[in-house]
Amino acid sequence: MQLSDAFWQVFAMTGHVGAYLLYRLYAADDNPTEDEHVLDEAEEDPMSFVAGGNP
C-alpha cells in the first residue's frame, strides 16, 4: 500500500481535510506530470497541513 492510499483511507473514514491534502501531496509525488506546480516553502512540510501550522 502506498502512503497516498493510506491517507485516502483515513480521509474516507474520517472526512479529515488534512488527510485529503496529504493524499493529494503524496499522490502527486507518485504520479508526477508536466503540469504539476512547484511546492513553495509552506507546502514543503506536509505536517503543517495536519497541525494547522501557519506558513
# chains A, B, ... in the order shown; residues from 1 in each chain; ligands from 1
>>> residues_around(residues="stretch 2-11 of chain A", least_positions_apart="3", cutoff="12 Å", atoms="only C-alpha atoms", output="PDB file with all heavy atoms, in the first residue's frame")
ATOM      1  N   THR A  14     -12.785   9.372   7.930  1.00  0.00           N
ATOM      2  CA  THR A  14     -12.970  10.451   8.893  1.00  0.00           C
ATOM      3  C   THR A  14     -13.456  11.759   8.277  1.00  0.00           C
ATOM      4  O   THR A  14     -14.003  12.591   8.980  1.00  0.00           O
ATOM      5  CB  THR A  14     -11.649  10.753   9.624  1.00  0.00           C
ATOM      6  OG1 THR A  14     -10.695  11.260   8.674  1.00  0.00           O
ATOM      7  CG2 THR A  14     -11.108   9.507  10.307  1.00  0.00           C
ATOM      8  N   GLY A  15     -13.193  11.957   6.986  1.00  0.00           N
ATOM      9  CA  GLY A  15     -13.526  13.221   6.351  1.00  0.00           C
ATOM     10  C   GLY A  15     -12.570  14.342   6.723  1.00  0.00           C
ATOM     11  O   GLY A  15     -12.839  15.506   6.457  1.00  0.00           O
ATOM     12  N   HIS A  16     -11.428  13.995   7.314  1.00  0.00           N
ATOM     13  CA  HIS A  16     -10.459  14.993   7.763  1.00  0.00           C
ATOM     14  C   HIS A  16      -9.772  15.633   6.559  1.00  0.00           C
ATOM     15  O   HIS A  16      -9.177  14.953   5.729  1.00  0.00           O
ATOM     16  CB  HIS A  16      -9.424  14.337   8.668  1.00  0.00           C
ATOM     17  CG  HIS A  16      -8.565  15.325   9.384  1.00  0.00           C
ATOM     18  ND1 HIS A  16      -7.478  15.926   8.808  1.00  0.00           N
ATOM     19  CD2 HIS A  16      -8.660  15.831  10.638  1.00  0.00           C
ATOM     20  CE1 HIS A  16      -6.928  16.743   9.665  1.00  0.00           C
ATOM     21  NE2 HIS A  16      -7.626  16.708  10.782  1.00  0.00           N
ATOM     22  N   VAL A  17      -9.872  16.951   6.457  1.00  0.00           N
ATOM     23  CA  VAL A  17      -9.318  17.679   5.316  1.00  0.00           C
ATOM     24  C   VAL A  17      -7.802  17.529   5.253  1.00  0.00           C
ATOM     25  O   VAL A  17      -7.225  17.423   4.165  1.00  0.00           O
ATOM     26  CB  VAL A  17      -9.724  19.172   5.384  1.00  0.00           C
ATOM     27  CG1 VAL A  17      -9.031  19.973   4.305  1.00  0.00           C
ATOM     28  CG2 VAL A  17     -11.227  19.310   5.283  1.00  0.00           C
ATOM     29  N   GLY A  18      -7.141  17.500   6.385  1.00  0.00           N
ATOM     30  CA  GLY A  18      -5.686  17.328   6.409  1.00  0.00           C
ATOM     31  C   GLY A  18      -5.261  16.017   5.768  1.00  0.00           C
ATOM     32  O   GLY A  18      -4.258  15.962   5.058  1.00  0.00           O
ATOM     33  N   ALA A  19      -6.029  14.961   5.999  1.00  0.00           N
ATOM     34  CA  ALA A  19      -5.726  13.673   5.377  1.00  0.00           C
ATOM     35  C   ALA A  19      -5.889  13.764   3.861  1.00  0.00           C
ATOM     36  O   ALA A  19      -5.095  13.199   3.105  1.00  0.00           O
ATOM     37  CB  ALA A  19      -6.626  12.578   5.947  1.00  0.00           C
ATOM     38  N   TYR A  20      -6.904  14.502   3.408  1.00  0.00           N
ATOM     39  CA  TYR A  20      -7.097  14.667   1.966  1.00  0.00           C
ATOM     40  C   TYR A  20      -5.948  15.450   1.345  1.00  0.00           C
ATOM     41  O   TYR A  20      -5.440  15.095   0.281  1.00  0.00           O
ATOM     42  CB  TYR A  20      -8.417  15.380   1.678  1.00  0.00           C
ATOM     43  CG  TYR A  20      -8.597  15.674   0.216  1.00  0.00           C
ATOM     44  CD1 TYR A  20      -8.894  14.644  -0.684  1.00  0.00           C
ATOM     45  CD2 TYR A  20      -8.442  16.952  -0.285  1.00  0.00           C
ATOM     46  CE1 TYR A  20      -9.040  14.906  -2.039  1.00  0.00           C
ATOM     47  CE2 TYR A  20      -8.583  17.218  -1.631  1.00  0.00           C
ATOM     48  CZ  TYR A  20      -8.886  16.191  -2.504  1.00  0.00           C
ATOM     49  OH  TYR A  20      -9.019  16.446  -3.840  1.00  0.00           O
ATOM     50  N   LEU A  21      -5.517  16.511   2.024  1.00  0.00           N
ATOM     51  CA  LEU A  21      -4.415  17.305   1.490  1.00  0.00           C
ATOM     52  C   LEU A  21      -3.125  16.497   1.430  1.00  0.00           C
ATOM     53  O   LEU A  21      -2.349  16.613   0.477  1.00  0.00           O
ATOM     54  CB  LEU A  21      -4.230  18.570   2.327  1.00  0.00           C
ATOM     55  CG  LEU A  21      -5.375  19.578   2.235  1.00  0.00           C
ATOM     56  CD1 LEU A  21      -5.158  20.708   3.229  1.00  0.00           C
ATOM     57  CD2 LEU A  21      -5.524  20.107   0.824  1.00  0.00           C
ATOM     58  N   LEU A  22      -2.884  15.670   2.440  1.00  0.00           N
ATOM     59  CA  LEU A  22      -1.707  14.810   2.415  1.00  0.00           C
ATOM     60  C   LEU A  22      -1.827  13.759   1.311  1.00  0.00           C
ATOM     61  O   LEU A  22      -0.845  13.441   0.637  1.00  0.00           O
ATOM     62  CB  LEU A  22      -1.498  14.151   3.774  1.00  0.00           C
ATOM     63  CG  LEU A  22      -0.993  15.100   4.850  1.00  0.00           C
ATOM     64  CD1 LEU A  22      -1.084  14.439   6.224  1.00  0.00           C
ATOM     65  CD2 LEU A  22       0.423  15.531   4.562  1.00  0.00           C
ATOM     66  N   TYR A  23      -3.037  13.238   1.103  1.00  0.00           N
ATOM     67  CA  TYR A  23      -3.256  12.309  -0.009  1.00  0.00           C
ATOM     68  C   TYR A  23      -2.880  12.963  -1.328  1.00  0.00           C
ATOM     69  O   TYR A  23      -2.158  12.390  -2.142  1.00  0.00           O
ATOM     70  CB  TYR A  23      -4.718  11.849  -0.039  1.00  0.00           C
ATOM     71  CG  TYR A  23      -5.145  11.354  -1.395  1.00  0.00           C
ATOM     72  CD1 TYR A  23      -4.732  10.116  -1.853  1.00  0.00           C
ATOM     73  CD2 TYR A  23      -5.934  12.147  -2.226  1.00  0.00           C
ATOM     74  CE1 TYR A  23      -5.098   9.668  -3.124  1.00  0.00           C
ATOM     75  CE2 TYR A  23      -6.302  11.710  -3.480  1.00  0.00           C
ATOM     76  CZ  TYR A  23      -5.893  10.467  -3.926  1.00  0.00           C
ATOM     77  OH  TYR A  23      -6.244  10.043  -5.178  1.00  0.00           O
ATOM     78  N   ARG A  24      -3.361  14.196  -1.544  1.00  0.00           N
ATOM     79  CA  ARG A  24      -3.062  14.907  -2.789  1.00  0.00           C
ATOM     80  C   ARG A  24      -1.565  15.131  -2.948  1.00  0.00           C
ATOM     81  O   ARG A  24      -1.013  14.996  -4.027  1.00  0.00           O
ATOM     82  CB  ARG A  24      -3.786  16.254  -2.821  1.00  0.00           C
ATOM     83  CG  ARG A  24      -5.281  16.190  -2.941  1.00  0.00           C
ATOM     84  CD  ARG A  24      -5.728  15.914  -4.363  1.00  0.00           C
ATOM     85  NE  ARG A  24      -5.083  16.778  -5.314  1.00  0.00           N
ATOM     86  CZ  ARG A  24      -5.624  17.845  -5.896  1.00  0.00           C
ATOM     87  NH1 ARG A  24      -6.865  18.161  -5.618  1.00  0.00           N
ATOM     88  NH2 ARG A  24      -4.947  18.572  -6.749  1.00  0.00           N
ATOM     89  N   LEU A  25      -0.902  15.497  -1.857  1.00  0.00           N
ATOM     90  CA  LEU A  25       0.531  15.751  -1.896  1.00  0.00           C
ATOM     91  C   LEU A  25       1.296  14.492  -2.285  1.00  0.00           C
ATOM     92  O   LEU A  25       2.140  14.518  -3.176  1.00  0.00           O
ATOM     93  CB  LEU A  25       1.008  16.264  -0.542  1.00  0.00           C
ATOM     94  CG  LEU A  25       2.494  16.591  -0.436  1.00  0.00           C
ATOM     95  CD1 LEU A  25       2.809  17.821  -1.289  1.00  0.00           C
ATOM     96  CD2 LEU A  25       2.861  16.845   1.005  1.00  0.00           C
ATOM     97  N   TYR A  26       0.983  13.376  -1.630  1.00  0.00           N
ATOM     98  CA  TYR A  26       1.708  12.137  -1.912  1.00  0.00           C
ATOM     99  C   TYR A  26       1.269  11.502  -3.223  1.00  0.00           C
ATOM    100  O   TYR A  26       2.070  10.843  -3.881  1.00  0.00           O
ATOM    101  CB  TYR A  26       1.578  11.160  -0.747  1.00  0.00           C
ATOM    102  CG  TYR A  26       2.379  11.623   0.452  1.00  0.00           C
ATOM    103  CD1 TYR A  26       1.759  12.007   1.630  1.00  0.00           C
ATOM    104  CD2 TYR A  26       3.765  11.710   0.381  1.00  0.00           C
ATOM    105  CE1 TYR A  26       2.504  12.448   2.711  1.00  0.00           C
ATOM    106  CE2 TYR A  26       4.516  12.148   1.458  1.00  0.00           C
ATOM    107  CZ  TYR A  26       3.875  12.511   2.617  1.00  0.00           C
ATOM    108  OH  TYR A  26       4.616  12.957   3.677  1.00  0.00           O
ATOM    109  N   ALA A  27       0.028  11.691  -3.642  1.00  0.00           N
ATOM    110  CA  ALA A  27      -0.419  11.173  -4.933  1.00  0.00           C
ATOM    111  C   ALA A  27       0.316  11.905  -6.050  1.00  0.00           C
ATOM    112  O   ALA A  27       0.679  11.299  -7.063  1.00  0.00           O
ATOM    113  CB  ALA A  27      -1.924  11.330  -5.087  1.00  0.00           C
ATOM    114  N   ALA A  28       0.551  13.203  -5.883  1.00  0.00           N
ATOM    115  CA  ALA A  28       1.301  13.966  -6.885  1.00  0.00           C
ATOM    116  C   ALA A  28       2.740  13.477  -6.952  1.00  0.00           C
ATOM    117  O   ALA A  28       3.331  13.428  -8.028  1.00  0.00           O
ATOM    118  CB  ALA A  28       1.248  15.446  -6.560  1.00  0.00           C
ATOM    119  N   ASP A  29       3.313  13.092  -5.810  1.00  0.00           N
ATOM    120  CA  ASP A  29       4.674  12.563  -5.794  1.00  0.00           C
ATOM    121  C   ASP A  29       4.736  11.205  -6.494  1.00  0.00           C
ATOM    122  O   ASP A  29       5.730  10.882  -7.130  1.00  0.00           O
ATOM    123  CB  ASP A  29       5.185  12.405  -4.366  1.00  0.00           C
ATOM    124  CG  ASP A  29       5.497  13.732  -3.702  1.00  0.00           C
ATOM    125  OD1 ASP A  29       5.586  14.755  -4.416  1.00  0.00           O
ATOM    126  OD2 ASP A  29       5.646  13.742  -2.468  1.00  0.00           O
ATOM    127  N   ASP A  30       3.661  10.419  -6.377  1.00  0.00           N
ATOM    128  CA  ASP A  30       3.624   9.100  -7.002  1.00  0.00           C
ATOM    129  C   ASP A  30       3.434   9.182  -8.511  1.00  0.00           C
ATOM    130  O   ASP A  30       3.896   8.320  -9.249  1.00  0.00           O
ATOM    131  CB  ASP A  30       2.490   8.255  -6.408  1.00  0.00           C
ATOM    132  CG  ASP A  30       2.725   7.913  -4.954  1.00  0.00           C
ATOM    133  OD1 ASP A  30       3.893   7.992  -4.503  1.00  0.00           O
ATOM    134  OD2 ASP A  30       1.748   7.585  -4.260  1.00  0.00           O
ATOM    135  N   ASN A  31       2.732  10.213  -8.982  1.00  0.00           N
ATOM    136  CA  ASN A  31       2.412  10.353 -10.402  1.00  0.00           C
ATOM    137  C   ASN A  31       2.741  11.763 -10.886  1.00  0.00           C
ATOM    138  O   ASN A  31       1.844  12.544 -11.160  1.00  0.00           O
ATOM    139  CB  ASN A  31       0.917  10.080 -10.634  1.00  0.00           C
ATOM    140  CG  ASN A  31       0.517   8.699 -10.188  1.00  0.00           C
ATOM    141  OD1 ASN A  31       1.183   7.733 -10.495  1.00  0.00           O
ATOM    142  ND2 ASN A  31      -0.569   8.611  -9.437  1.00  0.00           N
ATOM    143  N   PRO A  46       4.557  18.695   4.897  1.00  0.00           N
ATOM    144  CA  PRO A  46       3.172  18.205   4.835  1.00  0.00           C
ATOM    145  C   PRO A  46       2.478  18.199   6.193  1.00  0.00           C
ATOM    146  O   PRO A  46       1.279  18.290   6.260  1.00  0.00           O
ATOM    147  CB  PRO A  46       3.319  16.788   4.278  1.00  0.00           C
ATOM    148  CG  PRO A  46       4.725  16.411   4.466  1.00  0.00           C
ATOM    149  CD  PRO A  46       5.524  17.685   4.498  1.00  0.00           C
ATOM    150  N   VAL A  50      -1.689  19.230   8.550  1.00  0.00           N
ATOM    151  CA  VAL A  50      -2.372  18.472   9.602  1.00  0.00           C
ATOM    152  C   VAL A  50      -2.407  19.257  10.911  1.00  0.00           C
ATOM    153  O   VAL A  50      -3.420  19.338  11.566  1.00  0.00           O
ATOM    154  CB  VAL A  50      -1.670  17.116   9.814  1.00  0.00           C
ATOM    155  CG1 VAL A  50      -2.312  16.362  10.955  1.00  0.00           C
ATOM    156  CG2 VAL A  50      -1.717  16.289   8.540  1.00  0.00           C
TER     157      VAL A  50
END
